[in-house]
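One file, data_35.txt, is given below (compact mmCIF, C-alpha atoms).
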```txt
# COMPACT_ATOMS: atom_id res chain seq x y z
CA ASP L 1 100.94 71.66 101.01
CA SER L 2 104.66 72.40 101.20
CA SER L 3 105.31 70.80 104.58
CA ARG L 4 106.98 67.43 104.83
CA ALA L 5 104.72 64.52 105.78
CA SER L 6 107.21 63.34 108.43
CA GLU L 7 106.57 66.48 110.50
CA LYS L 8 102.85 65.78 110.73
CA PRO L 9 101.39 63.67 113.51
CA PHE L 10 98.72 62.40 111.13
CA LYS L 11 98.22 61.40 107.49
CA VAL L 12 96.28 63.77 105.26
CA LEU L 13 93.73 62.08 102.99
CA ALA L 14 91.09 63.66 100.78
CA THR L 15 87.49 63.14 101.80
CA GLU L 16 84.48 62.54 99.58
CA THR L 17 83.18 66.08 100.09
CA LEU L 18 84.56 69.42 98.97
CA SER L 19 85.78 71.66 101.79
CA GLU L 20 83.98 74.87 102.74
CA LYS L 21 87.16 76.75 101.83
CA ALA L 22 87.07 75.35 98.28
CA LEU L 23 83.37 76.11 97.84
CA ASP L 24 83.76 79.65 99.22
CA ALA L 25 86.60 80.28 96.76
CA ASP L 26 84.39 79.09 93.84
CA VAL L 27 86.70 76.19 92.96
CA TYR L 28 84.30 75.10 90.18
CA ASN L 29 85.31 78.17 88.17
CA ALA L 30 89.00 78.12 89.11
CA VAL L 31 91.92 77.55 86.74
CA ALA L 32 93.38 74.07 87.28
CA THR L 33 97.18 73.77 86.90
CA GLU L 34 99.78 71.07 87.38
CA LYS L 35 101.46 70.95 90.80
CA VAL L 36 105.16 70.75 89.94
CA ASP L 37 107.47 68.91 92.34
CA GLY L 38 110.45 71.05 93.32
CA THR L 39 111.22 73.80 95.82
CA CYS L 40 109.35 77.07 95.97
CA CYS L 41 111.06 80.36 94.98
CA TYR L 42 110.05 84.00 94.65
CA VAL L 43 111.34 86.92 92.59
CA THR L 44 111.37 90.38 94.16
CA ASN L 45 113.79 93.29 94.45
CA TYR L 46 116.89 93.19 96.64
CA LYS L 47 119.85 95.57 96.54
CA GLY L 48 118.00 97.59 93.91
CA GLN L 49 117.53 94.78 91.37
CA PRO L 50 115.26 91.75 90.79
CA TYR L 51 116.58 88.78 92.82
CA LEU L 52 115.65 85.14 93.23
CA TRP L 53 114.61 84.29 96.80
CA ALA L 54 114.61 80.81 98.37
CA ARG L 55 111.86 79.52 100.65
CA LEU L 56 112.87 79.59 104.30
CA ASP L 57 110.26 79.05 106.99
CA ARG L 58 110.75 80.37 110.50
CA LYS L 59 110.37 77.33 112.71
CA PRO L 60 109.66 77.09 116.42
CA ASN L 61 112.50 76.48 118.86
CA LYS L 62 112.60 73.24 120.85
CA GLN L 63 110.50 74.39 123.80
CA ALA L 64 107.79 76.00 121.67
CA ASP L 65 107.71 72.99 119.33
CA LYS L 66 107.19 70.69 122.30
CA ARG L 67 104.27 72.82 123.52
CA PHE L 68 102.76 72.91 120.04
CA LYS L 69 103.05 69.10 119.50
CA LYS L 70 101.48 68.54 122.91
CA PHE L 71 98.62 70.86 121.92
CA LEU L 72 98.13 68.98 118.60
CA HIS L 73 98.00 65.61 120.33
CA SER L 74 95.78 66.76 123.18
CA LYS L 75 92.08 66.09 122.99
CA GLU L 76 91.25 69.57 124.25
CA ASN L 77 88.79 71.53 122.20
CA ALA L 78 90.88 74.66 122.59
CA LYS L 79 90.21 76.99 119.69
CA GLU L 80 93.81 77.88 118.93
CA PHE L 81 97.39 77.68 120.08
CA HIS L 82 98.95 80.89 121.39
CA TRP L 83 102.33 81.78 119.95
CA ASN L 84 104.78 84.39 121.17
CA THR L 85 106.38 85.42 117.87
CA GLU L 86 109.21 87.24 119.69
CA GLU L 87 110.36 84.27 121.77
CA ASP L 88 109.04 81.03 120.24
CA PHE L 89 110.98 80.99 116.97
CA LYS L 90 114.50 80.19 115.84
CA PRO L 91 116.44 83.17 114.46
CA VAL L 92 116.50 83.82 110.71
CA PRO L 93 118.93 85.93 108.63
CA GLU L 94 118.41 89.69 108.82
CA CYS L 95 117.38 89.85 105.15
CA TRP L 96 114.53 87.31 105.71
CA ILE L 97 111.04 88.49 104.74
CA PRO L 98 107.71 86.82 105.56
CA ALA L 99 105.61 85.51 102.66
CA LYS L 100 102.96 87.97 101.49
CA GLU L 101 99.94 85.71 101.80
CA ILE L 102 100.35 84.88 105.49
CA GLU L 103 97.88 86.07 108.06
CA LYS L 104 98.89 88.90 110.39
CA GLN L 105 97.69 89.91 113.83
CA ASN L 106 98.70 93.30 115.25
CA GLY L 107 101.10 93.60 112.33
CA LYS L 108 102.90 90.34 113.25
CA PRO L 109 102.88 87.19 111.10
CA VAL L 110 100.74 84.33 112.38
CA PRO L 111 102.26 80.80 112.09
CA ASP L 112 100.45 78.34 109.81
CA GLU L 113 98.84 75.05 110.85
CA ASN L 114 102.29 73.40 110.99
CA GLY L 115 103.60 76.05 113.35
CA HIS L 116 105.82 77.63 110.66
CA ILE L 117 106.01 81.20 109.41
CA PRO L 118 106.63 80.90 105.65
CA GLY L 119 109.15 83.36 104.24
CA TRP L 120 112.04 84.03 101.89
CA VAL L 121 115.78 84.76 101.83
CA PRO L 122 117.65 86.23 98.84
CA VAL L 123 119.89 83.83 96.90
CA GLU L 124 123.38 85.33 96.67
CA LYS L 125 125.51 84.73 93.59
CA ASN L 126 128.00 82.26 95.10
CA SER L 127 125.77 80.85 97.81
CA LYS L 128 126.88 77.36 98.89
CA GLN L 129 123.64 76.66 100.72
CA TYR L 130 121.54 77.64 97.70
CA CYS L 131 123.97 76.67 94.94
CA TRP L 132 121.28 75.01 92.77
CA HIS L 133 119.10 78.11 93.07
CA SER L 134 121.98 80.36 92.08
CA SER L 135 122.80 78.14 89.06
CA VAL L 136 119.56 79.22 87.33
CA VAL L 137 120.09 83.00 87.60
CA SER L 138 122.61 85.51 86.35
CA TYR L 139 122.38 88.78 88.28
CA GLU L 140 125.07 90.27 86.08
CA PHE L 141 122.74 90.04 83.07
CA GLY L 142 119.46 89.97 85.01
CA ILE L 143 118.18 86.67 83.57
CA ALA L 144 116.79 83.35 84.77
CA LEU L 145 116.62 79.91 83.18
CA VAL L 146 112.92 79.14 82.76
CA LEU L 147 110.89 76.13 81.59
CA ARG L 148 107.37 76.81 80.28
CA HIS L 149 105.14 76.13 77.29
CA HIS L 150 106.39 77.26 73.91
CA PRO L 151 104.50 80.53 73.18
CA ASP L 152 103.39 79.33 69.71
CA ASP L 153 102.78 75.66 70.46
CA PRO L 154 101.28 74.55 73.80
CA GLY L 155 102.17 70.92 72.95
CA VAL L 156 105.88 71.78 73.18
CA LEU L 157 107.96 72.90 76.16
CA GLU L 158 110.59 75.61 75.92
CA ILE L 159 113.69 76.36 78.00
CA SER L 160 114.72 79.98 77.66
CA ALA L 161 116.59 82.85 79.35
CA VAL L 162 113.94 85.20 80.74
CA PRO L 163 114.65 88.67 82.19
CA LEU L 164 114.19 88.54 85.97
CA SER L 165 112.30 91.83 85.67
CA GLU L 166 109.55 89.92 83.80
CA LEU L 167 109.20 87.54 86.74
CA LEU L 168 108.92 90.19 89.47
CA GLU L 169 106.48 89.33 92.27
CA GLN L 170 105.94 85.80 90.91
CA THR L 171 106.45 82.53 92.71
CA LEU L 172 108.14 79.71 90.80
CA GLU L 173 109.25 76.13 91.35
CA LEU L 174 112.93 75.18 91.09
CA ILE L 175 113.18 71.64 89.69
CA GLY L 176 116.13 69.49 88.71
CA THR L 177 118.80 66.92 89.44
CA ASN L 178 119.42 67.83 93.08
CA ILE L 179 115.93 68.89 94.15
CA ASN L 180 113.44 66.62 95.96
CA GLY L 181 114.91 63.37 94.61
CA ASN L 182 114.62 64.55 90.97
CA PRO L 183 111.18 63.08 90.14
CA TYR L 184 111.44 64.19 86.47
CA GLY L 185 114.82 62.48 85.87
CA LEU L 186 116.62 65.68 84.82
CA GLY L 187 120.35 65.81 84.09
CA SER L 188 122.85 63.59 85.90
CA LYS L 189 125.12 63.70 88.93
CA LYS L 190 128.05 64.68 86.73
CA TYR L 191 126.04 67.19 84.66
CA PRO L 192 123.28 68.52 86.93
CA LEU L 193 120.42 70.38 85.32
CA HIS L 194 118.02 72.82 87.00
CA PHE L 195 115.50 75.42 85.94
CA LEU L 196 112.55 77.47 87.19
CA THR L 197 108.96 76.97 86.20
CA PRO L 198 106.42 79.70 87.06
CA HIS L 199 103.55 78.58 89.27
CA GLY L 200 100.44 78.00 87.20
CA ALA L 201 102.48 77.65 84.00
CA PHE L 202 101.01 74.25 83.07
CA GLN L 203 97.24 74.39 82.82
CA VAL L 204 95.50 71.02 83.19
CA ARG L 205 93.41 70.12 80.16
CA ASN L 206 90.93 67.25 80.06
CA LEU L 207 90.15 67.75 83.75
CA PRO L 208 87.76 65.35 85.49
CA THR L 209 84.80 66.48 87.57
CA LEU L 210 85.54 67.37 91.19
CA LYS L 211 84.33 64.04 92.50
CA HIS L 212 86.61 61.81 94.54
CA ASN L 213 86.26 58.76 92.27
CA ASP L 214 86.59 60.75 89.05
CA LEU L 215 89.78 62.42 90.29
CA LEU L 216 91.13 59.07 91.42
CA SER L 217 90.55 57.37 88.06
CA TRP L 218 91.93 60.44 86.21
CA PHE L 219 95.18 60.35 88.20
CA GLU L 220 95.44 56.59 87.77
CA GLY L 221 94.25 56.12 84.23
CA CYS L 222 95.15 58.94 81.86
CA ARG L 223 98.36 60.44 80.51
CA GLU L 224 97.57 63.96 81.79
CA GLY L 225 97.07 62.50 85.26
CA GLN L 226 100.71 61.41 85.60
CA ILE L 227 101.47 64.50 87.67
CA GLU L 228 102.19 65.21 91.35
CA GLY L 229 98.89 66.99 91.92
CA ILE L 230 96.55 69.78 90.89
CA VAL L 231 96.47 73.38 92.12
CA TRP L 232 93.26 75.31 91.49
CA HIS L 233 93.87 79.07 91.17
CA CYS L 234 90.63 80.66 92.38
CA GLY L 235 89.33 84.10 91.44
CA ASP L 236 89.90 85.48 94.95
CA GLY L 237 93.59 84.46 94.91
CA CYS L 238 92.94 81.35 97.00
CA LEU L 239 94.87 78.18 96.06
CA ILE L 240 93.23 74.77 96.50
CA LYS L 241 95.58 71.78 96.20
CA VAL L 242 95.23 68.05 95.87
CA HIS L 243 98.28 65.79 95.89
CA ARG L 244 98.34 62.18 94.69
CA HIS L 245 99.16 61.19 98.28
CA HIS L 246 95.86 62.73 99.41
CA LEU L 247 94.15 60.10 97.26
CA GLY L 248 96.35 57.27 98.49
CA LEU L 249 98.30 57.19 95.20
CA CYS L 250 102.06 57.01 94.86
CA TRP L 251 104.49 59.66 93.69
CA PRO L 252 107.04 59.90 92.09
CA LEU L 253 106.12 57.92 88.98
CA PRO L 254 108.44 56.24 86.46
CA ASP L 255 106.83 58.07 83.54
CA THR L 256 105.61 61.59 84.31
CA TYR L 257 103.40 63.75 82.09
CA MET L 258 106.18 66.37 82.21
CA ASN L 259 108.27 63.94 80.15
CA SER L 260 105.62 63.32 77.51
CA LYS L 261 106.24 66.51 75.51
CA PRO L 262 109.08 67.56 73.23
CA VAL L 263 111.23 70.47 74.43
CA ILE L 264 113.04 73.21 72.50
CA ILE L 265 116.03 75.17 73.75
CA ASN L 266 115.50 78.82 72.92
CA MET L 267 118.16 80.88 74.66
CA ASN L 268 118.69 83.94 72.42
CA LEU L 269 121.77 84.95 74.39
CA ASP L 270 123.45 86.77 71.48
CA LYS L 271 121.85 90.05 72.54
CA TYR L 272 123.79 89.89 75.81
CA ASP L 273 127.03 89.90 73.85
CA CYS L 274 128.71 88.32 76.82
CA ALA L 275 130.93 85.49 77.81
CA PHE L 276 129.23 83.43 80.48
CA ASP L 277 131.33 81.46 82.89
CA HIS L 278 132.36 78.21 81.16
CA GLN L 279 130.65 76.04 83.79
CA SER L 280 127.41 78.04 83.94
CA LEU L 281 124.13 76.53 82.79
CA PHE L 282 123.59 79.54 80.53
CA ASN L 283 126.85 78.81 78.71
CA LYS L 284 126.01 75.10 78.39
CA PHE L 285 122.50 75.80 77.10
CA SER L 286 123.82 78.35 74.60
CA LYS L 287 125.88 75.47 73.10
CA ILE L 288 122.72 73.46 72.41
CA ASP L 289 120.58 76.47 71.45
CA LYS L 290 117.73 75.77 69.00
CA GLN L 291 118.00 71.99 69.55
CA LYS L 292 114.84 69.97 70.04
CA PHE L 293 114.59 66.96 72.37
CA ASP L 294 111.85 64.34 72.56
CA ARG L 295 111.52 64.91 76.31
CA LEU L 296 113.15 66.74 79.20
CA LYS L 297 115.02 63.73 80.52
CA ASP L 298 116.83 63.39 77.16
CA ILE L 299 118.68 66.71 77.60
CA THR L 300 122.35 66.17 78.38
CA LEU L 301 124.86 68.88 79.18
CA ASP L 302 128.07 66.84 78.79
CA ILE L 303 129.70 69.66 76.88
```
Could you rewrite the structure in this file as structure tokens?
Amino acid sequence: DSSRASEKPFKVLATETLSEKALDADVYNAVATEKVDGTCCYVTNYKGQPYLWARLDRKPNKQADKRFKKFLHSKENAKEFHWNTEEDFKPVPECWIPAKEIEKQNGKPVPDENGHIPGWVPVEKNSKQYCWHSSVVSYEFGIALVLRHHPDDPGVLEISAVPLSELLEQTLELIGTNINGNPYGLGSKKYPLHFLTPHGAFQVRNLPTLKHNDLLSWFEGCREGQIEGIVWHCGDGCLIKVHRHHLGLCWPLPDTYMNSKPVIINMNLDKYDCAFDHQSLFNKFSKIDKQKFDRLKDITLDI
């Protein structure tokens, strides 16, 4: 769940039983992947070319939020809260688009259980607000800085420049030095380091059974369990998530599974025959191209 715990009037904890939603989506046959801790992004076209978009939820204005909180705290058995999508929400930039998967009624997006309408805004090249997002893309050359498994060796990670056109209509996680408290220990304040990782990129091997106690001991006791959570990608497109916090476990951890694998830099920027800006991440990574590091947190860009 992408919402911040502080906005919720209650604590979410996993129960002993699987939800109807999970059973209906056939979670037993779903693909389990690592939930990566960053900020959600999306790649789709803008101004006639593939662009990176940042997550921006439409949130209720003060009056509507007050009404909604009152409704949440009330003991009424009212079926649902009634929103006026025209008047109840703060304005968003003109280029804002709602997320694809949200429910619609009469062609209008329906707010989620937190009262937000998830959506996206394009990340402009020199955006101050989204400067860490813009550091991982080059619109001039149509590429993005991506972390995923090495294609020939799943035990090794690879950081490479990937054409944005290959990422079209995908959601990804931006992780790094200045995102969400940097749980993976990437880069440094002086030499910040960020990259994108496609959702579902890291499949969970050695998965426990879907029993509360088995999940709990897996998260607590094995190397693969040193992750933020699991996302099950179900056949019908449904996503089922469990976060360590749902099991009463802490996150972040001093030694994450993400940092247990070696990583290779594989930029292949020669084909672009271009001079990247001296300060750009692409330029810095091209200087350490083909190098191998024992783990992600060992990569330094003090070049």
Proximity to His212 in chain L - best of L:His246, L:Lys290, L:Lys128, L:Lys241, all atoms listed in the file: L:His246
Residues of range 38-74 of chain L within 12 Å of range 111-114 of chain L: nearest atom pair and distance (Å, one decimal) for each, counting only C-alpha atoms, sorted by chain and number, as a Markdown table?
```
| residue | atom | partner | partner_atom | distance |
| --- | --- | --- | --- | --- |
| L:Asp57 | CA | L:Pro111 | CA | 9.6 |
| L:Arg58 | CA | L:Pro111 | CA | 8.6 |
| L:Lys59 | CA | L:Pro111 | CA | 8.8 |
| L:Pro60 | CA | L:Pro111 | CA | 9.3 |
| L:Asp65 | CA | L:Asn114 | CA | 10.0 |
| L:Phe68 | CA | L:Asn114 | CA | 9.1 |
| L:Lys69 | CA | L:Asn114 | CA | 9.6 |
| L:Phe71 | CA | L:Asn114 | CA | 11.8 |
| L:Leu72 | CA | L:Asn114 | CA | 9.7 |
```
Looking at all atoms listed in the file, which of L:Gly107, L:Pro183, L:Gly38, L:Gly115 is the one that sits closest to Phe89 in chain L?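 Once distances to Phe89 in chain L are computed over all atoms listed in the file, the minimum belongs to L:Gly115.
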Work out where the centre of an axis-aligned box around every listed atom of range 190-208 of chain L lies and how long its edges are once 6 Å is added on each side; give both in Å to one decimal as AutoDock Vina command-line options.
```
--center_x 107.9 --center_y 72.2 --center_z 84.7 --size_x 52.3 --size_y 27.0 --size_z 21.2
```
Within 12 Å of (117.4, 87.8, 80.3) (file coordinates; only C-alpha atoms), which protein or nucleic acid residues are there? I'd like them as a ChimeraX atom specification. /L:50,136-146,160-167,266-274,282
Please identify all polymer residues within 10 Å of Lys297 in chain L, counting only C-alpha atoms, omitting same-chain residues fewer than 5 positions from it, and present them as number ranges by chain. L: 184-188, 193, 258-260, 263
To one decimal place, how far is CA of Ile227 in chain L from CA of Ala54 in chain L in Å?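 Separation of CA of Ile227 in chain L and CA of Ala54 in chain L: 23.5 Å.
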Exercise: Val231 in chain L partners within 6 Å, only C-alpha atoms, chain neighbours under 4 positions left out, as a PyMOL selection string: chain L and resi 32-33+35+240-241
I'd like the contact shell of Glu224 in chain L - 10 Å cut-off, only C-alpha atoms, skipping same-chain residues fewer than 4 positions apart - returned as a PDB file with C-alpha atoms, in the frame of the given file.
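Resulting contents of selection02.pdb:
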```pdb
ATOM      1  CA  GLU L  34      99.780  71.070  87.380  1.00  0.00           C
ATOM      2  CA  VAL L 204      95.500  71.020  83.190  1.00  0.00           C
ATOM      3  CA  ARG L 205      93.410  70.120  80.160  1.00  0.00           C
ATOM      4  CA  ASN L 206      90.930  67.250  80.060  1.00  0.00           C
ATOM      5  CA  LEU L 207      90.150  67.750  83.750  1.00  0.00           C
ATOM      6  CA  TRP L 218      91.930  60.440  86.210  1.00  0.00           C
ATOM      7  CA  PHE L 219      95.180  60.350  88.200  1.00  0.00           C
ATOM      8  CA  GLU L 220      95.440  56.590  87.770  1.00  0.00           C
ATOM      9  CA  THR L 256     105.610  61.590  84.310  1.00  0.00           C
ATOM     10  CA  TYR L 257     103.400  63.750  82.090  1.00  0.00           C
ATOM     11  CA  MET L 258     106.180  66.370  82.210  1.00  0.00           C
ATOM     12  CA  SER L 260     105.620  63.320  77.510  1.00  0.00           C
TER      13      SER L 260
END
```
One residue among L:Asp24, L:Asp277, L:Asp294, L:Glu173 is nearest to Thr39 in chain L when using all atoms listed in the file, and that residue is L:Glu173
Provide the CA of Lys284 in chain L to CA of Tyr191 in chain L distance in Å, to one decimal place.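 Computed distance, CA of Lys284 in chain L to CA of Tyr191 in chain L, equals 10.1 Å.
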Find, counting all atoms listed in the file, the residue in L:Phe293, L:Trp120, L:Trp232, L:Phe276 that gets nearest to His199 in chain L. L:Trp232
Minimum-distance residue to Ile97 in chain L, chosen among L:Ala22, L:Leu56, L:Leu253, L:Ala64 (using only C-alpha atoms): L:Leu56
Could you work out how far CA of Arg55 in chain L lies from CA of Pro98 in chain L, giving the answer in Å with one decimal?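 Taking CA of Pro98 in chain L as the start and CA of Arg55 in chain L as the end point, the length is 9.7 Å.
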Which of these residues is nearest to Gly155 in chain L, using only C-alpha atoms: L:Gln203, L:Thr171, L:Ser280, L:Asn180?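 Checking each candidate against Gly155 in chain L, we get L:Gln203 as the closest.
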C-alpha atoms of range 178-283 of chain L, written as a CSV table (one decimal), in the first residue's frame:
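Contents of result.csv, freshly written:
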```
chain,number,residue,atom,x,y,z
L,178,ASN,CA,17.3,10.9,-1.5
L,179,ILE,CA,14.2,8.6,-1.7
L,180,ASN,CA,12.3,7.3,1.4
L,181,GLY,CA,15.3,7.6,3.7
L,182,ASN,CA,17.5,5.5,1.4
L,183,PRO,CA,16.9,2.0,2.9
L,184,TYR,CA,19.4,0.3,0.6
L,185,GLY,CA,22.3,2.7,1.5
L,186,LEU,CA,22.9,3.9,-2.0
L,187,GLY,CA,25.4,6.7,-2.9
L,188,SER,CA,26.1,9.6,-0.5
L,189,LYS,CA,25.0,13.1,0.2
L,190,LYS,CA,27.8,14.5,-1.9
L,191,TYR,CA,27.5,11.9,-4.7
L,192,PRO,CA,23.8,10.9,-4.8
L,193,LEU,CA,22.8,7.8,-6.7
L,194,HIS,CA,19.4,6.9,-8.1
L,195,PHE,CA,17.9,4.4,-10.6
L,196,LEU,CA,14.7,2.8,-11.7
L,197,THR,CA,13.7,-0.8,-11.1
L,198,PRO,CA,10.7,-2.2,-13.0
L,199,HIS,CA,7.9,-3.5,-10.8
L,200,GLY,CA,8.1,-7.3,-10.6
L,201,ALA,CA,11.8,-7.3,-11.7
L,202,PHE,CA,12.9,-9.4,-8.6
L,203,GLN,CA,11.0,-12.6,-8.4
L,204,VAL,CA,11.0,-14.2,-4.9
L,205,ARG,CA,12.6,-17.6,-4.9
L,206,ASN,CA,12.4,-20.0,-1.9
L,207,LEU,CA,9.0,-18.7,-1.0
L,208,PRO,CA,7.2,-19.9,2.1
L,209,THR,CA,3.6,-21.2,2.2
L,210,LEU,CA,0.9,-18.6,2.5
L,211,LYS,CA,0.5,-19.2,6.2
L,212,HIS,CA,0.9,-16.4,8.7
L,213,ASN,CA,3.6,-18.1,10.8
L,214,ASP,CA,5.5,-19.4,7.8
L,215,LEU,CA,5.6,-15.9,6.3
L,216,LEU,CA,6.7,-14.5,9.6
L,217,SER,CA,9.6,-16.9,10.1
L,218,TRP,CA,10.6,-16.5,6.4
L,219,PHE,CA,10.9,-12.7,6.8
L,220,GLU,CA,12.7,-13.0,10.1
L,221,GLY,CA,14.9,-16.0,9.5
L,222,CYS,CA,16.2,-16.3,5.9
L,223,ARG,CA,18.4,-14.2,3.6
L,224,GLU,CA,15.8,-13.8,0.9
L,225,GLY,CA,13.3,-12.5,3.5
L,226,GLN,CA,15.4,-9.4,4.2
L,227,ILE,CA,13.1,-7.3,2.0
L,228,GLU,CA,10.4,-4.7,2.5
L,229,GLY,CA,7.6,-7.0,1.5
L,230,ILE,CA,6.1,-9.3,-1.2
L,231,VAL,CA,3.9,-8.4,-4.1
L,232,TRP,CA,1.9,-11.2,-5.7
L,233,HIS,CA,1.2,-10.6,-9.4
L,234,CYS,CA,-2.0,-12.5,-10.1
L,235,GLY,CA,-3.2,-13.8,-13.4
L,236,ASP,CA,-6.1,-11.3,-13.6
L,237,GLY,CA,-3.8,-8.3,-13.1
L,238,CYS,CA,-4.6,-8.0,-9.4
L,239,LEU,CA,-1.7,-7.2,-7.0
L,240,ILE,CA,-1.7,-8.6,-3.5
L,241,LYS,CA,0.8,-7.1,-1.1
L,242,VAL,CA,2.2,-7.9,2.3
L,243,HIS,CA,4.6,-5.5,4.0
L,244,ARG,CA,6.9,-6.4,6.9
L,245,HIS,CA,4.9,-3.9,9.0
L,246,HIS,CA,1.7,-5.9,8.4
L,247,LEU,CA,3.4,-8.7,10.3
L,248,GLY,CA,4.7,-6.5,13.1
L,249,LEU,CA,8.3,-6.6,11.8
L,250,CYS,CA,10.6,-3.6,11.3
L,251,TRP,CA,11.8,-2.0,8.2
L,252,PRO,CA,14.3,-0.7,7.1
L,253,LEU,CA,16.9,-3.3,8.0
L,254,PRO,CA,20.7,-2.9,8.3
L,255,ASP,CA,21.4,-5.6,5.8
L,256,THR,CA,18.9,-5.9,3.0
L,257,TYR,CA,18.7,-8.8,0.5
L,258,MET,CA,19.1,-6.2,-2.3
L,259,ASN,CA,22.7,-5.7,-1.0
L,260,SER,CA,23.5,-9.4,-1.0
L,261,LYS,CA,24.3,-9.7,-4.7
L,262,PRO,CA,27.1,-8.5,-6.8
L,263,VAL,CA,26.3,-5.8,-9.4
L,264,ILE,CA,27.8,-5.0,-12.8
L,265,ILE,CA,27.7,-1.7,-14.6
L,266,ASN,CA,26.7,-2.3,-18.2
L,267,MET,CA,26.1,1.1,-19.9
L,268,ASN,CA,27.0,0.6,-23.6
L,269,LEU,CA,26.7,4.3,-24.2
L,270,ASP,CA,29.2,4.3,-27.1
L,271,LYS,CA,26.4,3.8,-29.6
L,272,TYR,CA,24.9,7.2,-28.5
L,273,ASP,CA,28.2,8.9,-29.6
L,274,CYS,CA,27.3,11.7,-27.4
L,275,ALA,CA,28.8,13.9,-24.7
L,276,PHE,CA,26.5,13.7,-21.6
L,277,ASP,CA,26.5,16.6,-19.2
L,278,HIS,CA,29.6,16.3,-16.9
L,279,GLN,CA,27.4,16.1,-13.8
L,280,SER,CA,24.9,13.6,-15.2
L,281,LEU,CA,24.5,10.1,-13.8
L,282,PHE,CA,24.9,8.7,-17.3
L,283,ASN,CA,28.3,10.4,-17.6
```
